[in-house]
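Q: File entry.cif below, mmCIF, C-alpha atoms and all ligand atoms:
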data_my_file
loop_
_atom_site.label_atom_id
_atom_site.label_comp_id
_atom_site.auth_asym_id
_atom_site.auth_seq_id
_atom_site.Cartn_x
_atom_site.Cartn_y
_atom_site.Cartn_z
CA GLN A 1 0.00 0.00 0.00
CA GLY A 2 1.07 3.56 -0.47
CA VAL A 3 1.93 6.40 1.80
CA ASP A 4 1.26 9.96 0.73
CA LEU A 5 3.72 12.54 1.85
CA VAL A 6 2.17 15.97 2.06
CA LYS A 7 3.60 19.32 3.02
CA HIS A 8 1.33 22.31 3.40
CA PHE A 9 2.96 25.62 4.11
CA GLY A 10 1.22 28.36 6.05
CA GLY A 11 -2.46 28.42 6.87
CA GLY A 12 -3.67 28.74 3.31
CA GLY A 13 -3.49 25.08 2.44
CA LEU A 14 -0.55 25.57 0.10
CA LEU A 15 0.35 22.23 -1.30
CA ALA A 16 4.07 22.27 -1.85
CA ALA A 17 5.05 18.66 -2.01
CA LYS A 18 2.99 15.57 -2.35
CA THR A 19 4.45 12.32 -3.34
CA VAL A 20 4.09 8.64 -2.81
CA VAL A 21 7.15 7.46 -0.99
CA HIS A 22 6.25 3.80 -0.90
CA ALA A 23 5.15 1.18 -3.39
CA VAL A 24 1.81 1.81 -5.07
CA ASP A 25 0.67 -0.71 -7.68
CA GLY A 26 4.18 -2.01 -7.93
CA VAL A 27 5.63 1.47 -8.27
CA SER A 28 8.13 2.38 -5.61
CA LEU A 29 9.61 5.77 -5.05
CA ALA A 30 11.73 4.59 -2.17
CA VAL A 31 15.35 5.54 -2.69
CA ARG A 32 17.49 2.48 -3.32
CA ARG A 33 20.72 2.09 -1.47
CA GLY A 34 23.67 3.07 -3.63
CA GLU A 35 21.66 4.68 -6.42
CA THR A 36 21.56 8.22 -7.64
CA LEU A 37 17.97 9.39 -7.76
CA ALA A 38 17.22 12.68 -9.47
CA ILE A 39 14.23 14.89 -8.70
CA VAL A 40 13.66 17.33 -11.56
CA GLY A 41 11.23 20.07 -12.49
CA GLU A 42 11.08 23.82 -12.89
CA SER A 43 11.54 25.98 -9.83
CA GLY A 44 8.46 26.09 -7.63
CA CYS A 45 7.57 22.47 -8.34
CA GLY A 46 8.26 21.34 -4.80
CA LYS A 47 11.42 19.38 -5.45
CA SER A 48 13.54 21.17 -2.84
CA THR A 49 10.73 20.73 -0.35
CA LEU A 50 10.71 17.03 -1.09
CA GLY A 51 14.49 16.89 -0.56
CA ARG A 52 14.13 18.61 2.79
CA LEU A 53 11.24 16.37 3.81
CA LEU A 54 13.40 13.33 3.11
CA LEU A 55 15.94 14.62 5.62
CA ARG A 56 13.28 15.86 8.04
CA LEU A 57 14.70 19.37 7.83
CA ILE A 58 11.01 20.24 7.67
CA GLU A 59 8.11 18.22 9.01
CA PRO A 60 5.46 16.90 6.67
CA THR A 61 1.84 17.84 7.31
CA ALA A 62 0.88 14.24 6.73
CA GLY A 63 2.50 11.05 5.59
CA ASP A 64 5.70 9.31 6.41
CA VAL A 65 9.35 9.10 5.49
CA ARG A 66 11.01 5.74 5.95
CA TYR A 67 14.70 5.12 6.13
CA GLU A 68 16.03 1.59 6.43
CA GLY A 69 12.58 0.35 7.35
CA ARG A 70 11.90 2.87 10.11
CA SER A 71 9.73 5.94 10.08
CA ILE A 72 12.10 8.84 10.67
CA LEU A 73 9.15 10.87 11.96
CA SER A 74 8.89 8.64 15.00
CA LEU A 75 12.51 9.11 16.04
CA ASP A 76 13.26 11.16 19.15
CA GLU A 77 15.83 13.96 19.26
CA GLY A 78 18.76 11.72 20.14
CA GLU A 79 17.96 9.16 17.47
CA MET A 80 17.38 11.94 14.96
CA ARG A 81 20.79 13.44 15.78
CA ARG A 82 22.45 10.12 15.05
CA LEU A 83 20.47 9.81 11.84
CA ARG A 84 21.49 13.30 10.76
CA ARG A 85 25.05 12.02 10.56
CA GLU A 86 23.94 9.52 7.96
CA LEU A 87 21.73 11.92 5.99
CA GLN A 88 23.40 15.07 4.73
CA ILE A 89 22.50 17.90 2.40
CA ILE A 90 24.45 20.07 -0.01
CA PHE A 91 22.81 23.38 -0.89
CA GLN A 92 22.49 25.27 -4.13
CA ASP A 93 24.30 28.41 -3.10
CA PRO A 94 27.55 27.39 -1.47
CA PHE A 95 28.21 30.95 -0.33
CA ALA A 96 24.93 31.47 1.47
CA SER A 97 25.23 28.09 3.18
CA LEU A 98 28.71 28.67 4.61
CA ASN A 99 29.14 30.84 7.70
CA PRO A 100 31.37 33.74 6.53
CA ARG A 101 32.85 34.19 10.01
CA MET A 102 34.02 30.62 10.37
CA THR A 103 37.25 29.28 8.93
CA VAL A 104 36.98 26.47 6.42
CA GLY A 105 38.52 24.17 9.03
CA ASP A 106 35.82 25.04 11.55
CA ILE A 107 33.06 24.66 8.96
CA VAL A 108 34.26 21.23 7.87
CA GLY A 109 35.16 20.25 11.43
CA GLU A 110 31.84 21.24 12.97
CA PRO A 111 30.08 17.92 12.30
CA ILE A 112 33.14 16.07 13.65
CA TRP A 113 32.86 18.05 16.88
CA LEU A 114 29.06 17.87 16.97
CA HIS A 115 29.01 14.10 16.68
CA GLY A 116 32.10 13.62 18.84
CA LEU A 117 33.95 11.79 16.09
CA ALA A 118 37.47 13.08 16.77
CA LYS A 119 39.31 15.56 18.98
CA GLY A 120 42.47 17.71 18.91
CA PRO A 121 45.13 16.55 16.47
CA GLN A 122 42.94 13.72 15.15
CA ARG A 123 40.26 16.21 14.33
CA ARG A 124 42.75 18.43 12.50
CA GLU A 125 44.06 15.43 10.61
CA ARG A 126 40.51 14.42 9.68
CA ILE A 127 39.75 17.96 8.41
CA ALA A 128 42.92 17.86 6.29
CA GLU A 129 41.90 14.48 4.90
CA LEU A 130 38.40 15.73 4.05
CA LEU A 131 39.81 18.78 2.26
CA ARG A 132 42.13 16.56 0.22
CA THR A 133 39.20 14.26 -0.56
CA VAL A 134 37.30 17.09 -2.24
CA GLY A 135 40.33 18.44 -4.11
CA LEU A 136 41.31 21.22 -1.71
CA LEU A 137 44.49 21.64 0.34
CA PRO A 138 44.90 21.09 4.09
CA ALA A 139 46.27 24.65 4.31
CA HIS A 140 42.86 25.93 3.17
CA ALA A 141 41.53 25.11 6.64
CA ASN A 142 42.79 28.45 7.97
CA ARG A 143 41.05 30.54 5.34
CA TYR A 144 37.53 31.95 5.06
CA PRO A 145 34.77 31.11 2.54
CA HIS A 146 34.99 34.50 0.75
CA GLU A 147 38.55 33.69 -0.29
CA PHE A 148 37.31 30.87 -2.53
CA SER A 149 35.59 30.61 -5.90
CA GLY A 150 32.05 29.25 -6.26
CA GLY A 151 33.28 25.81 -7.25
CA GLN A 152 35.72 25.67 -4.35
CA ARG A 153 33.00 26.77 -1.96
CA GLN A 154 30.82 23.93 -3.17
CA ARG A 155 33.77 21.61 -2.47
CA ILE A 156 33.86 22.99 1.09
CA GLY A 157 30.14 22.26 1.41
CA ILE A 158 30.73 18.73 0.18
CA ALA A 159 33.62 18.22 2.63
CA ARG A 160 31.32 19.31 5.45
CA ALA A 161 28.61 16.92 4.25
CA LEU A 162 31.16 14.10 4.23
CA ALA A 163 32.52 14.87 7.70
CA GLY A 164 29.90 12.79 9.50
CA GLU A 165 30.50 9.80 7.22
CA PRO A 166 27.02 9.92 5.68
CA LYS A 167 25.22 7.17 3.81
CA LEU A 168 22.86 9.42 1.88
CA ILE A 169 23.46 12.91 0.54
CA VAL A 170 20.74 15.13 -0.86
CA GLY A 171 22.12 17.71 -3.28
CA ASP A 172 19.66 20.57 -3.67
CA GLU A 173 20.61 22.07 -7.05
CA PRO A 174 24.26 21.44 -6.15
CA VAL A 175 25.68 22.89 -9.37
CA SER A 176 23.08 25.32 -10.69
CA ALA A 177 24.82 28.37 -9.19
CA LEU A 178 28.10 27.44 -10.90
CA ASP A 179 29.59 28.09 -14.34
CA VAL A 180 28.98 25.27 -16.80
CA SER A 181 32.70 24.35 -16.89
CA ILE A 182 32.75 24.07 -13.09
CA GLN A 183 29.48 22.13 -13.00
CA ALA A 184 31.12 19.14 -14.68
CA GLN A 185 33.94 19.13 -12.13
CA ILE A 186 31.55 19.08 -9.19
CA ILE A 187 29.38 16.39 -10.82
CA ASN A 188 32.49 14.26 -11.39
CA LEU A 189 33.54 14.81 -7.80
CA LEU A 190 30.12 13.70 -6.52
CA GLU A 191 30.25 10.59 -8.70
CA ASP A 192 33.77 9.73 -7.47
CA LEU A 193 32.74 10.19 -3.85
CA LYS A 194 29.66 8.06 -4.38
CA GLU A 195 31.83 5.20 -5.66
CA ARG A 196 34.48 5.61 -3.03
CA PHE A 197 32.20 5.84 0.00
CA GLY A 198 29.25 3.80 -1.25
CA LEU A 199 26.92 6.78 -0.98
CA THR A 200 23.31 7.06 -2.03
CA LEU A 201 22.62 10.36 -3.78
CA VAL A 202 19.38 12.26 -4.24
CA ILE A 203 20.00 15.12 -6.66
CA VAL A 204 17.43 17.88 -6.98
CA ALA A 205 17.82 19.78 -10.26
CA HIS A 206 15.84 21.91 -12.71
CA ASP A 207 18.24 21.08 -15.53
CA LEU A 208 17.85 17.62 -17.04
CA ALA A 209 21.22 17.94 -18.76
CA VAL A 210 22.90 18.01 -15.34
CA ILE A 211 21.47 14.71 -14.16
CA ARG A 212 21.48 12.82 -17.45
CA HIS A 213 24.80 11.06 -16.92
CA MET A 214 24.84 10.83 -13.14
CA SER A 215 21.40 9.58 -12.13
CA ASP A 216 20.02 6.05 -12.25
CA ARG A 217 16.37 7.02 -11.89
CA VAL A 218 14.44 10.25 -12.21
CA ALA A 219 11.30 11.60 -10.59
CA VAL A 220 9.81 14.48 -12.59
CA MET A 221 7.81 16.90 -10.44
CA TYR A 222 5.22 19.42 -11.47
CA LEU A 223 3.42 21.61 -8.96
CA GLY A 224 4.13 19.40 -6.00
CA GLU A 225 3.33 16.13 -7.68
CA ILE A 226 5.39 13.44 -9.31
CA VAL A 227 4.16 13.23 -12.91
CA GLU A 228 6.68 10.70 -14.18
CA PHE A 229 9.07 8.26 -12.58
CA SER A 230 11.53 6.32 -14.67
CA SER A 231 14.99 4.97 -15.20
CA THR A 232 17.12 7.80 -16.56
CA ASP A 233 17.71 5.99 -19.86
CA GLY A 234 14.01 5.26 -20.29
CA LEU A 235 13.15 8.88 -19.58
CA PHE A 236 15.57 10.30 -22.11
CA ASP A 237 14.88 7.68 -24.79
CA ASN A 238 11.14 7.71 -24.47
CA PRO A 239 9.61 10.38 -22.22
CA LEU A 240 5.98 9.49 -21.46
CA HIS A 241 4.55 12.59 -19.82
CA PRO A 242 3.96 15.74 -21.91
CA TYR A 243 5.74 17.77 -19.23
CA THR A 244 8.82 15.54 -19.42
CA GLN A 245 8.73 15.79 -23.20
CA ALA A 246 8.64 19.57 -22.94
CA LEU A 247 11.50 19.65 -20.42
CA LEU A 248 13.60 17.48 -22.74
CA THR A 249 13.08 19.70 -25.76
CA ALA A 250 14.26 22.61 -23.62
CA ILE A 251 17.74 21.05 -23.42
CA PRO A 252 19.91 22.67 -26.05
CA VAL A 253 21.26 19.93 -28.31
CA PRO A 254 24.10 20.58 -30.72
CA SER A 255 22.46 20.11 -34.10
CA PRO A 256 24.13 19.65 -37.50
CA VAL A 257 21.74 22.11 -39.11
CA GLY A 258 22.43 24.64 -36.38
CA ARG A 259 18.94 25.11 -35.05
CA SER A 260 17.59 23.97 -31.73
CA PRO A 261 14.03 22.72 -31.38
CA LYS A 262 11.34 25.20 -30.51
CA PRO A 263 10.79 25.23 -26.75
CA LEU A 264 7.47 23.63 -25.88
CA LEU A 265 7.11 25.03 -22.39
CA GLN A 266 5.36 28.33 -22.47
CA GLY A 267 4.32 30.47 -19.58
CA ASP A 268 5.25 30.09 -15.95
CA VAL A 269 4.39 27.40 -13.48
CA PRO A 270 0.98 28.36 -12.03
CA SER A 271 0.99 29.38 -8.39
CA PRO A 272 1.10 26.40 -6.02
CA THR A 273 -1.34 28.24 -3.75
CA ALA A 274 -4.11 27.52 -6.27
CA PRO A 275 -3.00 24.68 -8.52
CA PRO A 276 -5.20 24.22 -11.61
CA PRO A 277 -8.00 21.66 -11.18
CA GLY A 278 -7.83 18.31 -12.91
CA CYS A 279 -4.39 17.73 -14.33
CA ARG A 280 -2.21 20.48 -12.93
CA PHE A 281 -0.31 20.66 -16.21
CA HIS A 282 -3.38 21.26 -18.36
CA THR A 283 -2.86 25.03 -18.63
CA ARG A 284 0.43 24.42 -20.47
CA CYS A 285 -0.07 21.02 -22.05
CA PRO A 286 -0.21 20.80 -25.86
CA HIS A 287 -2.33 17.62 -25.58
CA ALA A 288 -4.90 18.89 -23.06
CA ARG A 289 -8.55 17.95 -23.59
CA PRO A 290 -11.71 18.76 -21.64
CA LEU A 291 -11.25 15.71 -19.38
CA CYS A 292 -7.86 17.07 -18.29
CA ARG A 293 -9.50 20.11 -16.73
CA GLU A 294 -11.86 17.97 -14.70
CA GLN A 295 -10.13 14.80 -13.69
CA HIS A 296 -6.87 14.52 -11.83
CA PRO A 297 -4.64 11.83 -13.40
CA LYS A 298 -3.15 9.34 -10.96
CA LEU A 299 0.39 8.07 -11.15
CA GLU A 300 -0.01 4.70 -12.88
CA ALA A 301 2.37 1.91 -13.79
CA ALA A 302 3.66 2.22 -17.35
CA GLY A 303 5.89 -0.86 -17.59
CA ASP A 304 9.62 -1.30 -16.98
CA GLY A 305 9.22 0.00 -13.44
CA ARG A 306 8.10 3.35 -14.80
CA SER A 307 5.06 5.35 -13.85
CA VAL A 308 3.27 8.33 -15.34
CA ALA A 309 0.36 10.59 -14.39
CA CYS A 310 -1.42 11.51 -17.63
CA HIS A 311 -4.84 10.43 -18.94
CA PHE A 312 -3.59 10.15 -22.49
CA TRP A 313 0.01 8.96 -22.23
CA ARG A 314 -0.66 5.82 -24.30
CA GLU A 315 -2.29 7.72 -27.15
CA ILE A 316 0.42 10.34 -27.08
CA GLN A 317 3.00 7.54 -27.24
CA ASN A 318 1.26 5.91 -30.17
CA ALA A 319 1.12 9.23 -32.00
CA GLY A 320 4.93 9.36 -31.64
CA ALA A 321 6.67 10.93 -28.69
CA GLY A 322 9.22 12.64 -30.90
CA ALA A 323 6.48 14.37 -32.87
CA VAL A 324 4.85 16.32 -30.06
CA THR A 325 3.50 19.57 -31.38
CA ALA A 326 3.82 22.97 -29.84
CA PRO A 327 0.65 24.57 -28.52
CA PRO A 328 -0.93 27.04 -31.00
FE1 LIG B 1 -1.72 16.88 -20.74
FE2 LIG B 1 -4.13 15.92 -20.11
FE3 LIG B 1 -1.97 14.39 -19.86
FE4 LIG B 1 -2.39 16.43 -18.21
S1 LIG B 1 -3.62 14.59 -18.39
S2 LIG B 1 -0.46 15.89 -19.18
S3 LIG B 1 -3.29 17.95 -19.57
S4 LIG B 1 -2.82 15.20 -21.76
MG MG B 2 14.58 24.78 -5.15
#
Show me this structure written as structure tokens.

A:
Amino acid sequence: QGVDLVKHFGGGGLLAAKTVVHAVDGVSLAVRRGETLAIVGESGCGKSTLGRLLLRLIEPTAGDVRYEGRSILSLDEGEMRRLRRELQIIFQDPFASLNPRMTVGDIVGEPIWLHGLAKGPQRRERIAELLRTVGLLPAHANRYPHEFSGGQRQRIGIARALAGEPKLIVGDEPVSALDVSIQAQIINLLEDLKERFGLTLVIVAHDLAVIRHMSDRVAVMYLGEIVEFSSTDGLFDNPLHPYTQALLTAIPVPSPVGRSPKPLLQGDVPSPTAPPPGCRFHTRCPHARPLCREQHPKLEAAGDGRSVACHFWREIQNAGAGAVTAPP
């Protein structure tokens, strides 16, 4: 059976994140140990909220988050503190997430101190080791965040996340604030660290190009809901949901004739305070029909462990996914 995870912000009934975190009709959104799971969508789709819910940085209004078979919502403070060592987060803006008045050594060493992992010279040695692990120098420990570039600051954030010897790291848009050339370096670093330490990664991103080569599976979110869930290869080869199809055409592809496809996504994401009735994507969907305005499509199994929430995904598939037409 399924568990709905719901987060309402404020008193207005703002639905920011709603997702099934357990198996429903054979579809499981549980994160698998050792995988890289991507959560993608435009900003305002609730993907960061979902990432924070997974780590219990915020409390869900309803529902449950399970980690290694246990509900993390039932854990007391002490148990939660121990769990926080295992579950870490890397933020989008490395500058905003690093205390400007703390040295890099203190920033990276804080979790070591907090969890009582090492003291004195051992702690200093561990900080030096962590800095080397992320491609920085032990001497950087005495410097301050503002002395570093964006990419280096993200490395500091990663070193801090690694300090507690985590099992799972959530990266909330970990490279979107960085130059494209630096993005690849940080992605490579995350992949190396995943291999080396046997990490599980959950990467929140708005850019499908970023997660294409690093993620095993992808959850596509639109207005707080998962609209498609798939292996990464399946998603890129054969996107089922019109929203996924639109996101994919938005990726600039080098083309021999020198023209990129016309972007399909027009307009902004509607406000999550009043999501459209029926299918939330109907206001922007090139395939929308009257039923879409009335009936909310459920996430249903679509074969190969995939799932999709669209009334007409089969017909759209049969008409040819590559031939989706832009709205008039
Ligand atoms: Fe488009 Fe209708 Fe499918 Fe929603 S249910 S994605 S509006 S075709
Ligand atoms: Mg976000």

Q: Just the residues within 7 Å of Val308 in chain A, please, counting all atoms listed in the file, with nothing from its chain fewer than 5 positions along; format it as a ChimeraX atom specification.

A: /A:227-229,240-241,299-302

Q: Keeping only C-alpha atoms, write the selected residues as a short mmCIF file (atom, residue, chain, number, x, y, z; two decimals), in the coordinates of the input.

A:
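Below is the file again_26.cif, written as the result:
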data_model
loop_
_atom_site.label_atom_id
_atom_site.label_comp_id
_atom_site.auth_asym_id
_atom_site.auth_seq_id
_atom_site.Cartn_x
_atom_site.Cartn_y
_atom_site.Cartn_z
CA VAL A 227 4.16 13.23 -12.91
CA GLU A 228 6.68 10.70 -14.18
CA PHE A 229 9.07 8.26 -12.58
CA LEU A 240 5.98 9.49 -21.46
CA HIS A 241 4.55 12.59 -19.82
CA LEU A 299 0.39 8.07 -11.15
CA GLU A 300 -0.01 4.70 -12.88
CA ALA A 301 2.37 1.91 -13.79
CA ALA A 302 3.66 2.22 -17.35
#

Q: Figure out the distance between CA of Pro174 in chain A and CA of Gln88 in chain A, please, to one decimal in Å.

A: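 Between these atoms lies a distance of 12.6 Å.
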
Q: With only C-alpha atoms and all ligand atoms counted and 7 Å as the cut-off, give the residues of chain A in contact with ligand MG 2 (chain B), each with its shortest interatomic distance in Å and the pair that gives it, as a tab-separated table.

A:
residue	atom	partner	partner_atom	distance
A:Ser43	CA	B:MG2	MG	5.7
A:Gly44	CA	B:MG2	MG	6.7
A:Lys47	CA	B:MG2	MG	6.3
A:Ser48	CA	B:MG2	MG	4.4
A:Asp172	CA	B:MG2	MG	6.8
A:Glu173	CA	B:MG2	MG	6.9

Q: Grab the residues selected above and save them as an mmCIF file, in the frame of the given file with C-alpha atoms.

A:
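What ended up in part-v6.cif:
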data_model
loop_
_atom_site.group_PDB
_atom_site.id
_atom_site.type_symbol
_atom_site.label_atom_id
_atom_site.label_comp_id
_atom_site.auth_asym_id
_atom_site.auth_seq_id
_atom_site.Cartn_x
_atom_site.Cartn_y
_atom_site.Cartn_z
ATOM 1 C CA SER A 43 11.540 25.980 -9.830
ATOM 2 C CA GLY A 44 8.460 26.090 -7.630
ATOM 3 C CA LYS A 47 11.420 19.380 -5.450
ATOM 4 C CA SER A 48 13.540 21.170 -2.840
ATOM 5 C CA ASP A 172 19.660 20.570 -3.670
ATOM 6 C CA GLU A 173 20.610 22.070 -7.050
#

Q: For a test of reading the model, state the distance in Å between CA of Pro297 in chain A and CA of Asn318 in chain A, rounded to one decimal.

A: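 Calculated distance between CA of Pro297 in chain A and CA of Asn318 in chain A is 18.7 Å.
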
Q: Which one of A:Pro166, A:Ala219, A:Leu136, A:Phe95 sits closest to His115 in chain A if you count all atoms listed in the file?

A: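 Comparing A:Pro166, A:Ala219, A:Leu136, A:Phe95 against His115 in chain A, the winner is A:Pro166.
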
Q: Ligand LIG 1 (chain B): which residues are within 7 Å, counting only C-alpha atoms and all ligand atoms, as a list in words?

A: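 For ligand LIG 1 (chain B), the residues inside 7 Å are His241, Pro242, Tyr243, Cys279, Arg280, Phe281, His282, Cys285, Pro286, His287, Ala288, Arg289, Cys292, Pro297, Ala309, Cys310, His311, Phe312 and Trp313 of chain A.
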
Q: Between CA of Thr133 in chain A and CA of His146 in chain A, measure the distance and give it in Å to one decimal.

A: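 These two atoms are separated by 20.7 Å.
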
Q: Go through A:Leu162, A:Leu98, A:Ala38, A:Val202 one by one, measure the shortest atom-to-atom distance of each to Ser230 in chain A using all atoms listed in the file, and give the residue with the smallest value.

A: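 That would be A:Ala38, the residue with the smallest distance to Ser230 in chain A.
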
Q: What lies within 12 Å of Ala96 in chain A using all atoms listed in the file, ignoring chain neighbours under 2 positions off, as a list in words?

A: Ile90, Phe91, Gln92, Asp93, Pro94, Leu98, Asn99, Pro100, Arg101, Pro145, His146, Gly150, Arg153, Gln154, Gly157 and Ala177 of chain A

Q: Do you know which residues are at most 6 Å from range 109-111 of chain A counting all atoms listed in the file, after dropping those on the same chain fewer than 3 positions away, and could you put them as a PyMOL selection string?

A: chain A and resi 105-106+114-115+127+164

Q: Taking every listed atom of range 153-168 of chain A and adding 8 Å to each side, what centre and edge lengths in Å (one decimal) does the axis-aligned box have, as JSON?

A:
{"center_x": 28.4, "center_y": 17.0, "center_z": 3.2, "size_x": 27.0, "size_y": 35.6, "size_z": 28.7}
